[in-house]
$ cat protein_25.cif   # mmCIF, C-alpha atoms and all ligand atoms
data_target
loop_
_atom_site.label_atom_id
_atom_site.label_comp_id
_atom_site.auth_asym_id
_atom_site.auth_seq_id
_atom_site.Cartn_x
_atom_site.Cartn_y
_atom_site.Cartn_z
CA MET A 1 -8.84 -16.25 -17.44
CA LYS A 2 -10.34 -17.63 -14.24
CA THR A 3 -13.50 -17.05 -12.22
CA ALA A 4 -12.87 -15.04 -9.08
CA ASN A 5 -14.60 -15.39 -5.75
CA GLY A 6 -16.03 -12.46 -3.86
CA HIS A 7 -13.03 -12.10 -1.57
CA GLU A 8 -10.69 -11.80 -4.54
CA ILE A 9 -12.84 -9.13 -6.20
CA ILE A 10 -13.13 -7.14 -2.98
CA GLN A 11 -9.41 -7.46 -2.31
CA LEU A 12 -8.78 -5.75 -5.65
CA PHE A 13 -11.47 -3.16 -5.00
CA GLU A 14 -9.92 -2.31 -1.62
CA GLN A 15 -6.56 -1.66 -3.24
CA PHE A 16 -8.38 1.10 -5.10
CA SER A 17 -10.66 2.21 -2.26
CA PRO A 18 -9.10 1.06 1.04
CA LYS A 19 -11.41 0.85 4.03
CA GLY A 20 -8.90 2.82 6.08
CA LEU A 21 -9.80 5.98 4.13
CA ALA A 22 -13.37 6.06 5.48
CA MET A 23 -14.47 8.69 7.95
CA GLU A 24 -14.94 7.46 11.52
CA GLY A 25 -18.24 5.68 12.15
CA ASP A 26 -19.07 5.24 8.47
CA LYS A 27 -20.84 2.00 7.63
CA ILE A 28 -18.71 0.38 4.98
CA GLY A 29 -17.70 -3.06 3.81
CA LEU A 30 -19.81 -6.17 3.32
CA GLN A 31 -23.31 -5.40 4.60
CA ILE A 32 -25.45 -8.26 3.35
CA GLY A 33 -24.68 -11.78 2.10
CA ARG A 34 -21.36 -13.54 1.67
CA LEU A 35 -18.20 -13.30 -0.39
CA ASN A 36 -17.11 -16.95 -0.35
CA LYS A 37 -18.73 -17.74 -3.67
CA LYS A 38 -17.95 -17.47 -7.37
CA ILE A 39 -18.60 -14.05 -8.85
CA GLU A 40 -19.44 -13.72 -12.52
CA LYS A 41 -21.38 -10.47 -12.47
CA VAL A 42 -20.90 -7.37 -10.36
CA MET A 43 -23.22 -4.39 -10.50
CA ILE A 44 -22.09 -0.93 -9.40
CA ALA A 45 -24.82 1.19 -7.84
CA LEU A 46 -25.12 4.57 -6.15
CA ASP A 47 -28.07 3.56 -3.95
CA VAL A 48 -29.55 0.18 -3.12
CA LEU A 49 -33.27 0.76 -3.66
CA GLU A 50 -35.78 -2.03 -4.28
CA GLU A 51 -35.72 -1.26 -8.02
CA VAL A 52 -31.95 -1.68 -8.01
CA ILE A 53 -32.28 -5.06 -6.29
CA ASP A 54 -34.85 -6.15 -8.88
CA GLU A 55 -32.41 -5.12 -11.60
CA ALA A 56 -29.66 -7.17 -9.92
CA ILE A 57 -31.95 -10.22 -9.73
CA GLU A 58 -32.95 -9.86 -13.36
CA LYS A 59 -29.34 -9.51 -14.47
CA GLN A 60 -28.23 -12.43 -12.28
CA VAL A 61 -25.71 -10.43 -10.32
CA GLN A 62 -23.86 -12.05 -7.40
CA LEU A 63 -22.44 -8.86 -5.91
CA ILE A 64 -23.53 -5.22 -5.73
CA ILE A 65 -20.92 -2.62 -4.88
CA ALA A 66 -22.79 0.48 -3.71
CA HIS A 67 -21.72 3.96 -2.67
CA HIS A 68 -24.48 4.61 -0.14
CA PRO A 69 -24.70 1.90 2.55
CA PRO A 70 -28.22 0.39 2.52
CA ILE A 71 -27.91 -0.30 6.25
CA PHE A 72 -26.80 2.94 7.86
CA ARG A 73 -28.59 3.03 11.21
CA PRO A 74 -28.39 -0.17 13.26
CA LEU A 75 -31.30 -2.50 12.51
CA LYS A 76 -33.50 -3.56 15.41
CA ASN A 77 -35.23 -6.25 13.39
CA VAL A 78 -35.73 -7.53 9.86
CA LEU A 79 -39.46 -7.67 9.20
CA THR A 80 -40.20 -8.88 5.73
CA ASP A 81 -43.45 -6.96 5.47
CA THR A 82 -41.51 -3.66 5.64
CA VAL A 83 -39.64 -2.26 2.64
CA GLN A 84 -36.21 -2.61 4.18
CA GLY A 85 -36.94 -6.13 5.45
CA ARG A 86 -38.28 -7.15 2.06
CA MET A 87 -35.17 -5.78 0.36
CA ILE A 88 -32.87 -7.74 2.65
CA GLU A 89 -35.02 -10.84 2.16
CA LYS A 90 -34.81 -10.52 -1.63
CA LEU A 91 -31.04 -10.09 -1.53
CA ILE A 92 -30.53 -13.11 0.72
CA LYS A 93 -32.98 -15.29 -1.21
CA HIS A 94 -31.13 -14.57 -4.43
CA ASP A 95 -27.71 -14.85 -2.78
CA ILE A 96 -26.75 -11.30 -3.80
CA ALA A 97 -24.09 -9.75 -1.60
CA VAL A 98 -23.99 -5.99 -0.98
CA TYR A 99 -20.72 -4.25 -0.26
CA ALA A 100 -20.66 -0.54 0.56
CA ALA A 101 -17.81 1.89 -0.15
CA HIS A 102 -18.92 5.28 1.09
CA THR A 103 -16.56 7.98 2.38
CA ASN A 104 -13.58 5.78 1.51
CA LEU A 105 -14.70 5.97 -2.12
CA ASP A 106 -15.19 9.75 -1.83
CA VAL A 107 -11.59 10.11 -0.71
CA ALA A 108 -9.85 7.42 -2.82
CA ALA A 109 -7.63 8.45 -5.70
CA GLY A 110 -9.89 8.01 -8.71
CA GLY A 111 -12.95 8.02 -6.41
CA VAL A 112 -16.07 10.20 -6.42
CA ASN A 113 -14.41 13.58 -5.95
CA ASP A 114 -11.65 12.90 -8.44
CA LEU A 115 -14.29 11.82 -10.96
CA LEU A 116 -16.28 15.01 -10.39
CA ALA A 117 -13.16 17.19 -10.70
CA GLU A 118 -12.27 15.38 -13.90
CA ALA A 119 -15.77 15.83 -15.33
CA LEU A 120 -15.63 19.57 -14.58
CA GLU A 121 -12.15 19.69 -16.16
CA LEU A 122 -10.53 21.30 -13.12
CA ALA A 123 -6.88 22.11 -13.72
CA ASN A 124 -4.37 21.39 -10.94
CA PRO A 125 -6.94 19.86 -8.62
CA GLU A 126 -6.01 19.68 -4.95
CA VAL A 127 -7.80 18.15 -1.99
CA LEU A 128 -10.37 20.56 -0.51
CA VAL A 129 -10.67 19.05 2.99
CA PRO A 130 -7.67 16.86 3.84
CA THR A 131 -8.66 13.86 5.96
CA PHE A 132 -5.90 11.38 5.40
CA GLU A 133 -2.17 11.24 4.83
CA THR A 134 -0.79 8.04 3.38
CA ASN A 135 1.80 6.23 5.48
CA LEU A 136 4.80 5.09 3.50
CA LYS A 137 7.08 2.09 3.86
CA LYS A 138 10.53 1.59 2.46
CA VAL A 139 11.09 -1.63 0.54
CA VAL A 140 14.61 -2.89 -0.13
CA ILE A 141 15.28 -5.81 -2.46
CA TYR A 142 18.47 -7.70 -3.27
CA THR A 143 18.63 -9.22 -6.74
CA PRO A 144 21.19 -10.49 -9.25
CA GLU A 145 21.91 -7.80 -11.85
CA SER A 146 20.22 -9.86 -14.58
CA HIS A 147 16.80 -9.32 -12.97
CA ALA A 148 17.23 -5.80 -11.61
CA GLU A 149 15.42 -4.09 -14.47
CA ALA A 150 12.48 -6.53 -14.44
CA ILE A 151 12.10 -5.97 -10.71
CA ARG A 152 12.23 -2.18 -11.05
CA GLN A 153 9.49 -2.45 -13.68
CA ALA A 154 7.37 -4.73 -11.50
CA LEU A 155 7.75 -2.32 -8.59
CA GLY A 156 6.74 0.68 -10.69
CA LYS A 157 3.83 -1.10 -12.29
CA SER A 158 2.36 -2.18 -8.98
CA GLY A 159 2.39 1.36 -7.57
CA ALA A 160 5.72 1.61 -5.74
CA GLY A 161 8.05 4.58 -6.15
CA PHE A 162 5.59 7.45 -6.43
CA ILE A 163 7.06 10.77 -5.30
CA GLY A 164 4.73 13.64 -6.20
CA ASN A 165 4.02 13.28 -9.90
CA TYR A 166 7.07 11.08 -10.49
CA SER A 167 6.49 7.37 -10.82
CA HIS A 168 8.95 4.43 -10.92
CA CYS A 169 11.34 6.17 -8.46
CA THR A 170 13.96 3.72 -7.20
CA PHE A 171 17.58 3.81 -6.09
CA SER A 172 20.02 1.03 -6.96
CA ALA A 173 23.49 0.22 -5.60
CA GLU A 174 25.78 -2.66 -6.44
CA GLY A 175 27.23 -5.04 -3.90
CA THR A 176 27.94 -8.65 -3.11
CA GLY A 177 25.39 -11.13 -1.85
CA ARG A 178 26.58 -14.27 -0.03
CA PHE A 179 24.63 -17.39 0.80
CA LEU A 180 25.03 -21.08 1.44
CA PRO A 181 22.30 -23.31 -0.04
CA GLU A 182 21.48 -25.91 2.63
CA ALA A 183 20.08 -29.41 2.08
CA GLY A 184 16.67 -29.42 0.39
CA THR A 185 17.24 -26.23 -1.59
CA ASN A 186 17.08 -25.71 -5.30
CA PRO A 187 19.18 -22.57 -5.78
CA TYR A 188 18.86 -20.40 -8.87
CA ILE A 189 22.58 -19.65 -8.58
CA GLY A 190 25.20 -21.92 -6.93
CA GLU A 191 25.07 -25.42 -5.54
CA GLN A 192 23.95 -27.08 -2.37
CA GLY A 193 26.56 -27.02 0.39
CA GLN A 194 28.79 -24.44 -1.32
CA LEU A 195 29.20 -20.89 -0.09
CA GLU A 196 28.28 -18.65 -3.00
CA SER A 197 28.98 -14.98 -3.64
CA VAL A 198 27.04 -13.14 -6.31
CA ASP A 199 27.11 -9.64 -7.77
CA GLU A 200 23.82 -8.26 -6.62
CA VAL A 201 21.91 -5.02 -6.86
CA ARG A 202 20.18 -3.46 -3.87
CA ILE A 203 17.03 -1.73 -5.07
CA GLU A 204 15.12 0.56 -2.77
CA THR A 205 11.86 2.38 -3.17
CA ILE A 206 8.89 3.68 -1.21
CA VAL A 207 5.43 2.18 -1.15
CA PRO A 208 2.13 3.47 0.27
CA GLU A 209 1.19 1.23 3.18
CA HIS A 210 -2.00 -0.08 1.58
CA LEU A 211 -0.09 -1.31 -1.49
CA ILE A 212 2.61 -3.26 0.36
CA LYS A 213 1.12 -6.72 -0.24
CA LYS A 214 0.54 -6.05 -3.92
CA VAL A 215 4.03 -4.62 -4.47
CA VAL A 216 5.83 -7.38 -2.58
CA SER A 217 4.00 -10.13 -4.44
CA ALA A 218 4.69 -8.48 -7.83
CA MET A 219 8.35 -8.14 -6.87
CA ILE A 220 8.61 -11.79 -5.75
CA LYS A 221 7.07 -12.89 -9.06
CA ALA A 222 9.75 -11.01 -10.98
CA HIS A 223 12.59 -12.25 -8.74
CA PRO A 224 14.53 -15.37 -9.74
CA TYR A 225 15.50 -16.59 -6.24
CA GLU A 226 13.80 -19.42 -4.40
CA GLU A 227 14.03 -17.36 -1.20
CA VAL A 228 13.85 -13.66 -1.96
CA ALA A 229 15.88 -11.36 0.29
CA TYR A 230 13.94 -8.17 0.96
CA ASP A 231 13.18 -5.83 3.82
CA VAL A 232 10.21 -3.62 4.57
CA TYR A 233 11.02 -0.66 6.85
CA PRO A 234 8.68 1.74 8.63
CA ILE A 235 9.54 5.35 7.76
CA GLU A 236 8.38 8.73 9.00
CA ASN A 237 7.76 10.27 5.56
CA LYS A 238 4.15 10.86 4.65
CA GLY A 239 2.79 10.29 1.19
CA GLU A 240 -0.13 11.62 -0.74
CA VAL A 241 -2.73 13.75 1.04
CA LEU A 242 -6.27 12.51 0.46
CA GLY A 243 -9.56 13.97 1.54
CA LEU A 244 -13.03 15.17 0.70
CA GLY A 245 -13.68 17.40 -2.30
CA LYS A 246 -11.35 18.99 -4.81
CA ILE A 247 -10.38 22.54 -5.65
CA GLY A 248 -8.89 23.60 -8.97
CA THR A 249 -9.28 26.12 -11.75
CA VAL A 250 -11.18 26.47 -14.99
CA ASP A 251 -10.79 29.01 -17.80
CA GLU A 252 -12.34 32.22 -16.54
CA MET A 253 -16.04 32.47 -17.36
CA THR A 254 -19.21 33.88 -15.83
CA LEU A 255 -21.12 31.98 -13.19
CA GLY A 256 -23.95 31.65 -15.74
CA GLU A 257 -21.62 30.00 -18.25
CA PHE A 258 -20.19 27.74 -15.58
CA VAL A 259 -23.69 26.64 -14.58
CA GLU A 260 -24.20 25.37 -18.13
CA LYS A 261 -20.88 23.53 -17.97
CA VAL A 262 -21.88 21.84 -14.70
CA LYS A 263 -25.22 20.75 -16.15
CA MET A 264 -23.54 19.22 -19.18
CA ALA A 265 -20.64 17.61 -17.33
CA LEU A 266 -22.68 16.11 -14.50
CA GLU A 267 -25.69 15.23 -16.65
CA VAL A 268 -28.37 17.18 -14.80
CA ASP A 269 -31.19 19.24 -16.31
CA LYS A 270 -31.54 21.77 -13.52
CA VAL A 271 -29.37 23.07 -10.70
CA ARG A 272 -29.91 25.48 -7.80
CA VAL A 273 -27.65 28.51 -7.89
CA VAL A 274 -26.64 31.06 -5.28
CA GLY A 275 -24.85 34.15 -6.60
CA ASP A 276 -24.70 36.71 -9.36
CA LEU A 277 -24.77 34.95 -12.73
CA THR A 278 -22.56 37.64 -14.28
CA SER A 279 -19.79 37.28 -11.67
CA LYS A 280 -16.50 35.77 -12.81
CA VAL A 281 -15.58 32.22 -11.96
CA LYS A 282 -12.10 30.74 -12.12
CA LYS A 283 -11.40 28.83 -8.94
CA VAL A 284 -13.84 25.98 -8.39
CA ALA A 285 -14.40 23.73 -5.39
CA VAL A 286 -16.42 20.55 -5.80
CA LEU A 287 -17.58 18.05 -3.21
CA GLY A 288 -19.84 15.10 -4.01
CA GLY A 289 -22.83 14.44 -1.79
CA ASP A 290 -23.81 16.77 1.05
CA GLY A 291 -21.22 19.56 1.28
CA ASN A 292 -22.94 21.95 3.68
CA LYS A 293 -20.35 21.41 6.39
CA TYR A 294 -17.46 22.38 4.16
CA PHE A 295 -18.55 25.61 2.48
CA LYS A 296 -16.14 27.54 4.72
CA HIS A 297 -13.26 25.41 3.44
CA ALA A 298 -14.23 26.39 -0.10
CA LYS A 299 -14.38 30.07 0.89
CA PHE A 300 -11.11 29.91 2.84
CA ARG A 301 -9.29 28.25 -0.07
CA GLY A 302 -10.39 31.10 -2.34
CA ALA A 303 -13.03 29.33 -4.42
CA ASP A 304 -15.24 31.56 -6.58
CA VAL A 305 -17.87 28.85 -6.70
CA TYR A 306 -18.65 25.74 -4.69
CA VAL A 307 -20.37 22.84 -6.44
CA THR A 308 -22.04 20.50 -3.97
CA GLY A 309 -25.34 18.83 -3.12
CA ASP A 310 -28.03 19.13 -0.43
CA ILE A 311 -27.40 22.79 0.31
CA TYR A 312 -29.67 24.06 3.12
CA TYR A 313 -31.47 27.38 3.00
CA HIS A 314 -29.32 28.75 5.83
CA THR A 315 -26.04 27.52 4.36
CA ALA A 316 -27.06 29.29 1.16
CA HIS A 317 -27.62 32.52 3.14
CA ASP A 318 -24.27 32.16 4.89
CA ALA A 319 -22.48 31.57 1.58
CA MET A 320 -24.29 34.50 -0.01
CA MET A 321 -23.17 36.83 2.77
CA GLU A 322 -19.60 35.52 2.48
CA GLY A 323 -19.68 36.21 -1.26
CA LEU A 324 -19.28 32.56 -2.25
CA ASN A 325 -21.26 31.38 -5.26
CA ILE A 326 -22.88 27.97 -4.96
CA ILE A 327 -24.14 25.52 -7.54
CA ASP A 328 -26.18 22.66 -6.12
CA PRO A 329 -26.66 20.03 -8.82
CA GLY A 330 -28.14 17.56 -6.29
CA HIS A 331 -26.71 14.69 -4.29
CA ASN A 332 -27.43 12.36 -7.16
CA VAL A 333 -24.45 13.62 -9.21
CA GLU A 334 -22.50 11.04 -7.27
CA LYS A 335 -23.96 8.69 -9.89
CA ILE A 336 -20.71 9.45 -11.67
CA MET A 337 -19.17 6.71 -9.50
CA LYS A 338 -21.15 4.02 -11.33
CA LYS A 339 -19.21 4.41 -14.56
CA GLY A 340 -15.97 5.39 -12.82
CA VAL A 341 -15.84 2.35 -10.52
CA THR A 342 -16.94 0.06 -13.36
CA LYS A 343 -14.01 1.23 -15.44
CA THR A 344 -11.40 0.99 -12.68
CA LEU A 345 -12.50 -2.38 -11.33
CA THR A 346 -12.87 -3.88 -14.81
CA LYS A 347 -9.28 -2.89 -15.57
CA MET A 348 -8.02 -4.32 -12.27
CA CYS A 349 -9.89 -7.61 -12.77
CA LYS A 350 -8.57 -7.92 -16.31
CA GLU A 351 -5.01 -7.40 -15.10
CA SER A 352 -5.53 -10.16 -12.52
CA GLY A 353 -6.93 -12.49 -15.18
CA TYR A 354 -10.43 -12.66 -13.65
CA GLU A 355 -13.32 -13.40 -15.96
CA VAL A 356 -16.03 -11.18 -14.52
CA GLU A 357 -18.61 -8.85 -15.99
CA ILE A 358 -18.85 -5.50 -14.19
CA PHE A 359 -21.51 -2.97 -15.14
CA PRO A 360 -23.28 0.10 -13.76
CA SER A 361 -26.87 -0.10 -12.52
CA GLU A 362 -29.20 1.57 -14.99
CA VAL A 363 -31.80 2.63 -12.41
CA ASN A 364 -32.10 6.36 -11.80
CA THR A 365 -32.19 6.66 -8.01
CA ASP A 366 -32.70 10.44 -7.83
CA PRO A 367 -35.82 10.84 -5.64
CA PHE A 368 -36.43 14.37 -6.95
CA GLN A 369 -38.24 15.49 -10.06
CA TYR A 370 -37.64 19.02 -11.23
CA ILE A 371 -40.89 20.36 -12.60
ZN ZN B 1 -23.48 10.60 -1.04
#

$ encode --input "protein_25.cif" --output "structure tokens"
Amino acid sequence: MKTANGHEIIQLFEQFSPKGLAMEGDKIGLQIGRLNKKIEKVMIALDVLEEVIDEAIEKQVQLIIAHHPPIFRPLKNVLTDTVQGRMIEKLIKHDIAVYAAHTNLDVAAGGVNDLLAEALELANPEVLVPTFETNLKKVVIYTPESHAEAIRQALGKSGAGFIGNYSHCTFSAEGTGRFLPEAGTNPYIGEQGQLESVDEVRIETIVPEHLIKKVVSAMIKAHPYEEVAYDVYPIENKGEVLGLGKIGTVDEMTLGEFVEKVKMALEVDKVRVVGDLTSKVKKVAVLGGDGNKYFKHAKFRGADVYVTGDIYYHTAHDAMMEGLNIIDPGHNVEKIMKKGVTKTLTKMCKESGYEVEIFPSEVNTDPFQYI
């Protein structure tokens, strides 16, 4: 086990939640502080409020990964007798970096919307509002037969070869590799100055663009050659569709029963509901955060109920007239990301051999009380 620096932790995090998935104009990435330092403790937060910063100071955290960017509108100044200025001052004084993953974390596989769909036990969840199609690359590797299986495993394990719900998809063909080790080489097979021919296997697979570096380095690790022969090709095929929200099904129940399920699953005491509590619910759309803009997507996709936060009075009227039930459990249900990201990033750090403690912030940042 080794101590990681901030860049290494964020590099792993961005494999899970790539910046390229964010909506245009979103304020993501490192917002405050620096990453070129040792990281022993990372705290995962939904919002960066002053109480959250105090918690980070108390727990001696070096990095906060937050869903909501603490700096959203451009700052004109940093005055330390204002709340925002004081917060930034505290963070900098204690050398705590803040990194924001907002809409990219909503969209990421295993991100906010996937976590919500999972909590609500949606069957066959699909993306509600597609925003992103993954570009794919083709990777071709030449290896001696002895290492072909290890390389196929390394490829599969690092995320290559996903086609739909099939993983570890590769194609292999046998052939002959030829090479001449020049002066200064230390060949795994053959000798310096002698033309060598070897029975080799050509392995090909597809890789989502954002995983290329990870896959190639895992493959090179598993490959015996000093100089690995491999090609990366651009291809036209598109991979997984990602986007905001999820739509799936639950066992048929009444809206009233589903309300109780939502409260339990998302850990809220009270929700706002639009619709007839005795109406039947089977198809469910869910979108973390403010989903006003997308209620028509939910209706169009045939949802019986739309679970989202920050619903306006007029959106509620529109949905009511369209016959779409709504459950608004509040924006704060995105708190689900605290545990979700903690789990994913802990696993990734462990696999990379990093000794780092990752934990969710314990501060409740919901500004509302339901009385
Ligand atoms: Zn949000």

$ residues_near_ligand --input "protein_25.cif" --ligand "ligand ZN 1 (chain B)" --cutoff "9 Å" --atoms "all atoms listed in the file" --output "list in words"
Leu46, Asp47, His67, His68, His102, Thr103, Asp106, Gly288, Gly289, Asp290, Gly309, His331, Asn332, Val333 and Glu334 of chain A

$ closest_atom_pairs --input "protein_25.cif" --of "segment 106-173 of chain A" --to "segment 264-275 of chain A" --cutoff "8 Å" --atoms "only C-alpha atoms" --output "JSON lines"
{"residue": "A:Leu116", "atom": "CA", "partner": "A:Leu266", "partner_atom": "CA", "distance": 7.7}
{"residue": "A:Ala119", "atom": "CA", "partner": "A:Ala265", "partner_atom": "CA", "distance": 5.6}
{"residue": "A:Leu120", "atom": "CA", "partner": "A:Ala265", "partner_atom": "CA", "distance": 6.0}

$ residues_around --input "protein_25.cif" --residues "Lys296 of chain A" --least-positions-apart "2" --cutoff "12 Å" --atoms "only C-alpha atoms" --output "list in words"
Leu128, Val129, Ala285, Gly291, Asn292, Lys293, Tyr294, Ala298, Lys299, Phe300, Arg301, Gly302, Ala303, Val305, Tyr306, Thr315, Ala316, Asp318, Ala319, Met320, Met321, Glu322, Gly323, Leu324, Asn325 and Ile326 of chain A

$ closest_residue --input "protein_25.cif" --among "A:Ala154, A:Gly243, A:Lys137, A:Asp276" --to "Ser217 of chain A" --atoms "all atoms listed in the file"
A:Ala154

$ atom_distance --input "protein_25.cif" --atom1 "atom CA of Arg178 of chain A" --atom2 "atom CA of Ser158 of chain A"
28.5 Å

$ closest_residue --input "protein_25.cif" --among "A:Pro70, A:Gly156, A:Gly190, A:Pro367" --to "Gly177 of chain A" --atoms "only C-alpha atoms"
A:Gly190

$ residues_near_point --input "protein_25.cif" --point "(23.3, -19.0, 2.1)" --cutoff "9 Å" --atoms "all atoms listed in the file" --output "list in words"
Arg178, Phe179, Leu180, Pro181, Glu182, Gly193, Gln194, Leu195 and Glu196 of chain A

$ atom_distance --input "protein_25.cif" --atom1 "atom CA of Val341 of chain A" --atom2 "atom CA of Arg86 of chain A"
27.4 Å

$ atom_distance --input "protein_25.cif" --atom1 "atom CA of Ile96 of chain A" --atom2 "atom CA of Asp54 of chain A"
10.9 Å

$ closest_residue --input "protein_25.cif" --among "A:Gly256, A:Pro329, A:Glu355, A:Tyr166" --to "Tyr370 of chain A" --atoms "only C-alpha atoms"
A:Pro329

$ closest_atom_pairs --input "protein_25.cif" --of "segment 88-130 of chain A" --to "segment 14-27 of chain A" --cutoff "6 Å" --atoms "only C-alpha atoms" --output "JSON lines"
{"residue": "A:Thr103", "atom": "CA", "partner": "A:Ala22", "partner_atom": "CA", "distance": 4.8}
{"residue": "A:Asn104", "atom": "CA", "partner": "A:Ala22", "partner_atom": "CA", "distance": 4.0}
{"residue": "A:Leu105", "atom": "CA", "partner": "A:Ser17", "partner_atom": "CA", "distance": 5.5}
{"residue": "A:Ala108", "atom": "CA", "partner": "A:Ser17", "partner_atom": "CA", "distance": 5.3}

$ residues_near_point --input "protein_25.cif" --point "(7.0, 2.4, 5.6)" --cutoff "8 Å" --atoms "all atoms listed in the file" --output "JSON list (two decimals) with C-alpha atoms, keeping the file's coordinate frame"
[["chain", "number", "residue", "atom", "x", "y", "z"],
["A", 135, "ASN", "CA", 1.80, 6.23, 5.48],
["A", 136, "LEU", "CA", 4.80, 5.09, 3.50],
["A", 137, "LYS", "CA", 7.08, 2.09, 3.86],
["A", 138, "LYS", "CA", 10.53, 1.59, 2.46],
["A", 139, "VAL", "CA", 11.09, -1.63, 0.54],
["A", 206, "ILE", "CA", 8.89, 3.68, -1.21],
["A", 207, "VAL", "CA", 5.43, 2.18, -1.15],
["A", 208, "PRO", "CA", 2.13, 3.47, 0.27],
["A", 209, "GLU", "CA", 1.19, 1.23, 3.18],
["A", 232, "VAL", "CA", 10.21, -3.62, 4.57],
["A", 233, "TYR", "CA", 11.02, -0.66, 6.85],
["A", 234, "PRO", "CA", 8.68, 1.74, 8.63],
["A", 235, "ILE", "CA", 9.54, 5.35, 7.76],
["A", 236, "GLU", "CA", 8.38, 8.73, 9.00],
["A", 237, "ASN", "CA", 7.76, 10.27, 5.56]]

$ closest_residue --input "protein_25.cif" --among "A:Glu174, A:Glu8, A:Glu260, A:Glu58" --to "Met348 of chain A" --atoms "all atoms listed in the file"
A:Glu8

$ axis_aligned_box --input "protein_25.cif" --around "segment 284-291 of chain A" --padding-each-side "6 Å" --output "AutoDock Vina command-line options"
--center_x -18.8 --center_y 20.2 --center_z -3.6 --size_x 22.0 --size_y 23.5 --size_z 21.7

$ residues_around --input "protein_25.cif" --residues "segment 34-43 of chain A" --least-positions-apart "6" --cutoff "7 Å" --atoms "only C-alpha atoms" --output "JSON list (two decimals) with C-alpha atoms, in the frame of the given file"
[["chain", "number", "residue", "atom", "x", "y", "z"],
["A", 3, "THR", "CA", -13.50, -17.05, -12.22],
["A", 4, "ALA", "CA", -12.87, -15.04, -9.08],
["A", 5, "ASN", "CA", -14.60, -15.39, -5.75],
["A", 6, "GLY", "CA", -16.03, -12.46, -3.86],
["A", 7, "HIS", "CA", -13.03, -12.10, -1.57],
["A", 61, "VAL", "CA", -25.71, -10.43, -10.32],
["A", 62, "GLN", "CA", -23.86, -12.05, -7.40],
["A", 63, "LEU", "CA", -22.44, -8.86, -5.91],
["A", 64, "ILE", "CA", -23.53, -5.22, -5.73],
["A", 65, "ILE", "CA", -20.92, -2.62, -4.88],
["A", 97, "ALA", "CA", -24.09, -9.75, -1.60],
["A", 356, "VAL", "CA", -16.03, -11.18, -14.52],
["A", 357, "GLU", "CA", -18.61, -8.85, -15.99],
["A", 358, "ILE", "CA", -18.85, -5.50, -14.19],
["A", 359, "PHE", "CA", -21.51, -2.97, -15.14],
["A", 360, "PRO", "CA", -23.28, 0.10, -13.76],
["A", 361, "SER", "CA", -26.87, -0.10, -12.52]]

$ closest_residue --input "protein_25.cif" --among "A:Val259, A:Ile371, A:Val83, A:Val140" --to "Ala173 of chain A" --atoms "all atoms listed in the file"
A:Val140

$ closest_residue --input "protein_25.cif" --among "A:Tyr313, A:Tyr99, A:Phe162, A:Phe72" --to "Glu240 of chain A" --atoms "all atoms listed in the file"
A:Phe162
